[in-house]
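What follows is a short report on a single structure.
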Amino acid sequence: MRFMVIVKGNEDTENGVLPTEQELTEMGAYNEELVKAGVMLAGEGLLPSSKGARVRFDQDGGSTVIDGPFGETKELVAGFWILEVSSREEVLEWVRKAPFRGAEVEVRQVASAEDFGDAMTPELREQEDRLRTTSAARHGS
């Protein structure tokens with residue numbers, strides 16, 4: 001089972017306040033523990049929304065680009081991990097070890113082909129597998 005752990009943004013992350021050396025050291029140790037356990041597939045911090053954009057899609061197929069920054073910091077993402085574990089309980093055990101203070105993270109299971117039922121035809125499954133294999137080969141994962 002794969003889970004995305006979403007680190008919520010706050011005023012500091014939106015103002016571009018970078019982690020201290022101690023915070024980076026603690027996070028590095030935590031990430032190393034995740035990697036050694038074989039559960040971390042990816043993990044990154046994100047720059048403030050002022051350096052980002054949103055794309056809004058219209059019903060008619062058009063789109064509009066909205067440049068950041070965005071208003072509600074509590075609804076923004078400041079970083080993430082993708083973890084592969086055997087259960088929801090296991091991912092929660094790992095997340096509870098994260099070196100955060102006064103923060104909140106969101107844990108969401110990543111959908112798999114089986115979650116889409118009959119809409120995920122054998123042809124679509126084959127395409128999905130091919131795309132994952134091609135992407136992994138291109139990025140060395």
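By order in the structure tokens, chains are A, B, ...; within a chain, residues start at 1; ligands start at 1, following the order shown.
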DSSP helix (DSSP H, G or I) residues within region 19-112 of chain A, listed as a PyMOL selection string: chain A and resi 21-36+49-51+73-75+88-96
Output for the residues just chosen: N, CA and C atoms as a short mmCIF file (atom, residue, chain, number, x, y, z; two decimals), in the first residue's frame:
```
data_model
loop_
_atom_site.label_atom_id
_atom_site.label_comp_id
_atom_site.auth_asym_id
_atom_site.auth_seq_id
_atom_site.Cartn_x
_atom_site.Cartn_y
_atom_site.Cartn_z
N GLU A 21 19.43 24.52 10.89
CA GLU A 21 20.34 23.39 10.75
C GLU A 21 19.88 22.22 11.61
N GLN A 22 19.41 22.51 12.81
CA GLN A 22 18.92 21.44 13.70
C GLN A 22 17.71 20.74 13.09
N GLU A 23 16.77 21.51 12.55
CA GLU A 23 15.58 20.91 11.93
C GLU A 23 15.96 20.06 10.72
N LEU A 24 16.91 20.55 9.92
CA LEU A 24 17.36 19.78 8.76
C LEU A 24 18.06 18.50 9.19
N THR A 25 18.83 18.58 10.28
CA THR A 25 19.52 17.40 10.81
C THR A 25 18.51 16.37 11.29
N GLU A 26 17.49 16.82 12.03
CA GLU A 26 16.44 15.91 12.52
C GLU A 26 15.67 15.27 11.37
N MET A 27 15.34 16.09 10.36
CA MET A 27 14.59 15.57 9.21
C MET A 27 15.46 14.60 8.42
N GLY A 28 16.75 14.90 8.28
CA GLY A 28 17.65 14.01 7.59
C GLY A 28 17.75 12.65 8.27
N ALA A 29 17.80 12.66 9.61
CA ALA A 29 17.86 11.41 10.37
C ALA A 29 16.56 10.62 10.19
N TYR A 30 15.43 11.31 10.22
CA TYR A 30 14.13 10.66 10.02
C TYR A 30 14.05 10.06 8.62
N ASN A 31 14.44 10.84 7.60
CA ASN A 31 14.40 10.33 6.22
C ASN A 31 15.33 9.13 6.06
N GLU A 32 16.48 9.18 6.71
CA GLU A 32 17.41 8.06 6.64
C GLU A 32 16.78 6.80 7.23
N GLU A 33 16.06 6.96 8.32
CA GLU A 33 15.37 5.83 8.95
C GLU A 33 14.32 5.25 8.00
N LEU A 34 13.57 6.12 7.32
CA LEU A 34 12.57 5.67 6.35
C LEU A 34 13.21 4.91 5.20
N VAL A 35 14.33 5.44 4.69
CA VAL A 35 15.02 4.79 3.57
C VAL A 35 15.59 3.44 4.00
N LYS A 36 16.24 3.40 5.16
CA LYS A 36 16.82 2.14 5.64
C LYS A 36 15.75 1.07 5.84
N SER A 49 4.06 29.19 -2.13
CA SER A 49 3.10 29.27 -3.23
C SER A 49 3.32 30.50 -4.11
N SER A 50 4.06 31.49 -3.61
CA SER A 50 4.38 32.67 -4.44
C SER A 50 5.20 32.28 -5.66
N LYS A 51 5.86 31.13 -5.60
CA LYS A 51 6.65 30.64 -6.73
C LYS A 51 5.87 29.62 -7.55
N THR A 73 -3.09 29.71 4.04
CA THR A 73 -1.88 28.91 4.24
C THR A 73 -2.19 27.53 4.80
N LYS A 74 -3.23 27.41 5.61
CA LYS A 74 -3.53 26.10 6.22
C LYS A 74 -4.01 25.08 5.19
N GLU A 75 -4.35 25.53 3.99
CA GLU A 75 -4.79 24.62 2.93
C GLU A 75 -3.70 24.35 1.91
N ARG A 88 -2.38 0.82 6.90
CA ARG A 88 -2.64 2.18 7.40
C ARG A 88 -1.98 2.36 8.76
N GLU A 89 -2.06 1.33 9.59
CA GLU A 89 -1.48 1.40 10.93
C GLU A 89 0.03 1.62 10.85
N GLU A 90 0.68 0.93 9.90
CA GLU A 90 2.13 1.08 9.78
C GLU A 90 2.51 2.49 9.34
N VAL A 91 1.78 3.05 8.37
CA VAL A 91 2.13 4.40 7.93
C VAL A 91 1.94 5.39 9.08
N LEU A 92 0.90 5.19 9.87
CA LEU A 92 0.67 6.10 11.00
C LEU A 92 1.77 5.97 12.05
N GLU A 93 2.29 4.75 12.25
CA GLU A 93 3.43 4.57 13.16
C GLU A 93 4.63 5.38 12.68
N TRP A 94 4.92 5.30 11.39
CA TRP A 94 6.04 6.06 10.83
C TRP A 94 5.82 7.56 10.96
N VAL A 95 4.64 8.02 10.61
CA VAL A 95 4.37 9.46 10.62
C VAL A 95 4.47 10.02 12.04
N ARG A 96 4.06 9.26 13.01
CA ARG A 96 4.12 9.73 14.40
C ARG A 96 5.55 9.94 14.87
#
```
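With only C-alpha atoms taken into account, the protein and nucleic acid residues at most 6 Å from Ile6 (chain A) (excluding it and anything under 5 positions from it in its own chain) are Phe80, Val105 and Glu106 of chain A.
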Minimum-distance residue to Ala37 (chain A), chosen among A:Arg108, A:Phe100, A:Glu123, A:Glu84 (using only C-alpha atoms): A:Glu84
Can you tell me, as a PDB file with N, CA and C atoms, in the first residue's frame, what residues are no more than 12 Å from Pro69 (chain A) when counting only C-alpha atoms, ignoring any on the same chain fewer than 3 positions away?
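around25.pdb, written as the output of this step:
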```pdb
ATOM      1  N   GLU A  11       2.450  30.000   7.990  1.00  0.00           N
ATOM      2  CA  GLU A  11       2.960  31.338   7.685  1.00  0.00           C
ATOM      3  C   GLU A  11       4.449  31.321   7.380  1.00  0.00           C
ATOM      4  N   THR A  13       6.358  28.779   6.199  1.00  0.00           N
ATOM      5  CA  THR A  13       6.675  28.173   4.905  1.00  0.00           C
ATOM      6  C   THR A  13       6.266  29.091   3.760  1.00  0.00           C
ATOM      7  N   GLU A  14       5.167  29.804   3.913  1.00  0.00           N
ATOM      8  CA  GLU A  14       4.707  30.723   2.877  1.00  0.00           C
ATOM      9  C   GLU A  14       5.576  31.969   2.776  1.00  0.00           C
ATOM     10  N   ASN A  15       6.225  32.336   3.895  1.00  0.00           N
ATOM     11  CA  ASN A  15       7.121  33.492   3.882  1.00  0.00           C
ATOM     12  C   ASN A  15       8.547  33.112   3.512  1.00  0.00           C
ATOM     13  N   GLY A  16       8.741  31.842   3.138  1.00  0.00           N
ATOM     14  CA  GLY A  16      10.057  31.409   2.707  1.00  0.00           C
ATOM     15  C   GLY A  16      11.055  31.194   3.826  1.00  0.00           C
ATOM     16  N   LEU A  47       8.683  24.893  -2.287  1.00  0.00           N
ATOM     17  CA  LEU A  47       8.880  26.327  -2.137  1.00  0.00           C
ATOM     18  C   LEU A  47       7.528  26.992  -1.890  1.00  0.00           C
ATOM     19  N   PRO A  48       7.522  28.250  -1.431  1.00  0.00           N
ATOM     20  CA  PRO A  48       6.257  28.948  -1.142  1.00  0.00           C
ATOM     21  C   PRO A  48       5.347  29.038  -2.378  1.00  0.00           C
ATOM     22  N   SER A  49       4.058  29.194  -2.130  1.00  0.00           N
ATOM     23  CA  SER A  49       3.098  29.267  -3.234  1.00  0.00           C
ATOM     24  C   SER A  49       3.324  30.496  -4.107  1.00  0.00           C
ATOM     25  N   SER A  50       4.063  31.494  -3.615  1.00  0.00           N
ATOM     26  CA  SER A  50       4.383  32.667  -4.438  1.00  0.00           C
ATOM     27  C   SER A  50       5.204  32.277  -5.655  1.00  0.00           C
ATOM     28  N   LYS A  51       5.856  31.126  -5.598  1.00  0.00           N
ATOM     29  CA  LYS A  51       6.650  30.641  -6.729  1.00  0.00           C
ATOM     30  C   LYS A  51       5.868  29.615  -7.553  1.00  0.00           C
ATOM     31  N   GLY A  52       4.595  29.422  -7.224  1.00  0.00           N
ATOM     32  CA  GLY A  52       3.776  28.424  -7.895  1.00  0.00           C
ATOM     33  C   GLY A  52       2.651  29.025  -8.707  1.00  0.00           C
ATOM     34  N   ALA A  53       1.814  28.158  -9.200  1.00  0.00           N
ATOM     35  CA  ALA A  53       0.645  28.555  -9.983  1.00  0.00           C
ATOM     36  C   ALA A  53      -0.424  27.488  -9.823  1.00  0.00           C
ATOM     37  N   ARG A  54      -1.641  27.872 -10.077  1.00  0.00           N
ATOM     38  CA  ARG A  54      -2.762  26.934 -10.145  1.00  0.00           C
ATOM     39  C   ARG A  54      -3.343  27.020 -11.543  1.00  0.00           C
ATOM     40  N   ILE A  66      -3.470  30.764 -12.672  1.00  0.00           N
ATOM     41  CA  ILE A  66      -3.507  31.730 -11.579  1.00  0.00           C
ATOM     42  C   ILE A  66      -2.167  31.650 -10.862  1.00  0.00           C
ATOM     43  N   GLU A  72      -5.097  31.025   1.756  1.00  0.00           N
ATOM     44  CA  GLU A  72      -5.217  30.207   2.963  1.00  0.00           C
ATOM     45  C   GLU A  72      -4.004  29.305   3.162  1.00  0.00           C
ATOM     46  N   THR A  73      -3.087  29.709   4.039  1.00  0.00           N
ATOM     47  CA  THR A  73      -1.879  28.911   4.241  1.00  0.00           C
ATOM     48  C   THR A  73      -2.187  27.531   4.800  1.00  0.00           C
ATOM     49  N   LEU A  76      -2.500  24.842   2.171  1.00  0.00           N
ATOM     50  CA  LEU A  76      -1.396  24.656   1.236  1.00  0.00           C
ATOM     51  C   LEU A  76      -0.501  23.507   1.667  1.00  0.00           C
TER      52      LEU A  76
END
```
Exercise: Gly79 (chain A) partners within 6 Å, only C-alpha atoms, chain neighbours under 3 positions left out, as a ChimeraX atom specification: /A:7,44-46
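Of all the residues in region 19-50 of chain A, the ones DSSP labels as strand (DSSP E) from the backbone are Met40, Leu41, Ala42, Gly43, Glu44 and Gly45 of chain A.
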Long-range neighbours of region 136-141 of chain A as a ChimeraX atom specification, 12 Å cut-off, only C-alpha atoms, 5 positions minimum in chain: /A:41-42,129-131
Written selection (all heavy atoms) as a PDB file, in the first residue's frame:
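So result37.pdb came out as:
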```pdb
ATOM      1  N   LEU A  41       9.540   6.077  -0.796  1.00  0.00           N
ATOM      2  CA  LEU A  41       9.662   6.084  -2.252  1.00  0.00           C
ATOM      3  C   LEU A  41      10.072   7.469  -2.747  1.00  0.00           C
ATOM      4  O   LEU A  41      10.764   7.595  -3.750  1.00  0.00           O
ATOM      5  CB  LEU A  41       8.344   5.676  -2.906  1.00  0.00           C
ATOM      6  CG  LEU A  41       7.816   4.283  -2.551  1.00  0.00           C
ATOM      7  CD1 LEU A  41       6.485   4.031  -3.246  1.00  0.00           C
ATOM      8  CD2 LEU A  41       8.831   3.211  -2.899  1.00  0.00           C
ATOM      9  N   ALA A  42       9.613   8.516  -2.068  1.00  0.00           N
ATOM     10  CA  ALA A  42       9.939   9.896  -2.446  1.00  0.00           C
ATOM     11  C   ALA A  42       9.620  10.799  -1.267  1.00  0.00           C
ATOM     12  O   ALA A  42       8.822  10.445  -0.402  1.00  0.00           O
ATOM     13  CB  ALA A  42       9.115  10.324  -3.665  1.00  0.00           C
ATOM     14  N   ASP A 129       0.677   0.259 -16.567  1.00  0.00           N
ATOM     15  CA  ASP A 129       1.913  -0.487 -16.289  1.00  0.00           C
ATOM     16  C   ASP A 129       3.045  -0.041 -17.215  1.00  0.00           C
ATOM     17  O   ASP A 129       4.184   0.138 -16.785  1.00  0.00           O
ATOM     18  CB  ASP A 129       1.682  -1.992 -16.431  1.00  0.00           C
ATOM     19  CG  ASP A 129       0.789  -2.558 -15.339  1.00  0.00           C
ATOM     20  OD1 ASP A 129       0.624  -1.900 -14.291  1.00  0.00           O
ATOM     21  OD2 ASP A 129       0.250  -3.671 -15.542  1.00  0.00           O
ATOM     22  N   ARG A 130       2.721   0.143 -18.487  1.00  0.00           N
ATOM     23  CA  ARG A 130       3.727   0.569 -19.462  1.00  0.00           C
ATOM     24  C   ARG A 130       4.260   1.958 -19.116  1.00  0.00           C
ATOM     25  O   ARG A 130       5.474   2.204 -19.148  1.00  0.00           O
ATOM     26  CB  ARG A 130       3.133   0.554 -20.873  1.00  0.00           C
ATOM     27  CG  ARG A 130       4.105   0.981 -21.960  1.00  0.00           C
ATOM     28  CD  ARG A 130       3.511   0.879 -23.371  1.00  0.00           C
ATOM     29  NE  ARG A 130       2.127   1.284 -23.511  1.00  0.00           N
ATOM     30  CZ  ARG A 130       1.708   2.561 -23.593  1.00  0.00           C
ATOM     31  NH1 ARG A 130       2.563   3.544 -23.541  1.00  0.00           N
ATOM     32  NH2 ARG A 130       0.420   2.832 -23.741  1.00  0.00           N
ATOM     33  N   LEU A 131       3.364   2.866 -18.756  1.00  0.00           N
ATOM     34  CA  LEU A 131       3.787   4.226 -18.408  1.00  0.00           C
ATOM     35  C   LEU A 131       4.658   4.240 -17.154  1.00  0.00           C
ATOM     36  O   LEU A 131       5.672   4.950 -17.100  1.00  0.00           O
ATOM     37  CB  LEU A 131       2.562   5.124 -18.215  1.00  0.00           C
ATOM     38  CG  LEU A 131       1.757   5.406 -19.473  1.00  0.00           C
ATOM     39  CD1 LEU A 131       0.474   6.158 -19.127  1.00  0.00           C
ATOM     40  CD2 LEU A 131       2.583   6.178 -20.488  1.00  0.00           C
TER      41      LEU A 131
END
```
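From CA of Ala98 (chain A) back to CA of Ala78 (chain A), the distance works out to 14.6 Å.
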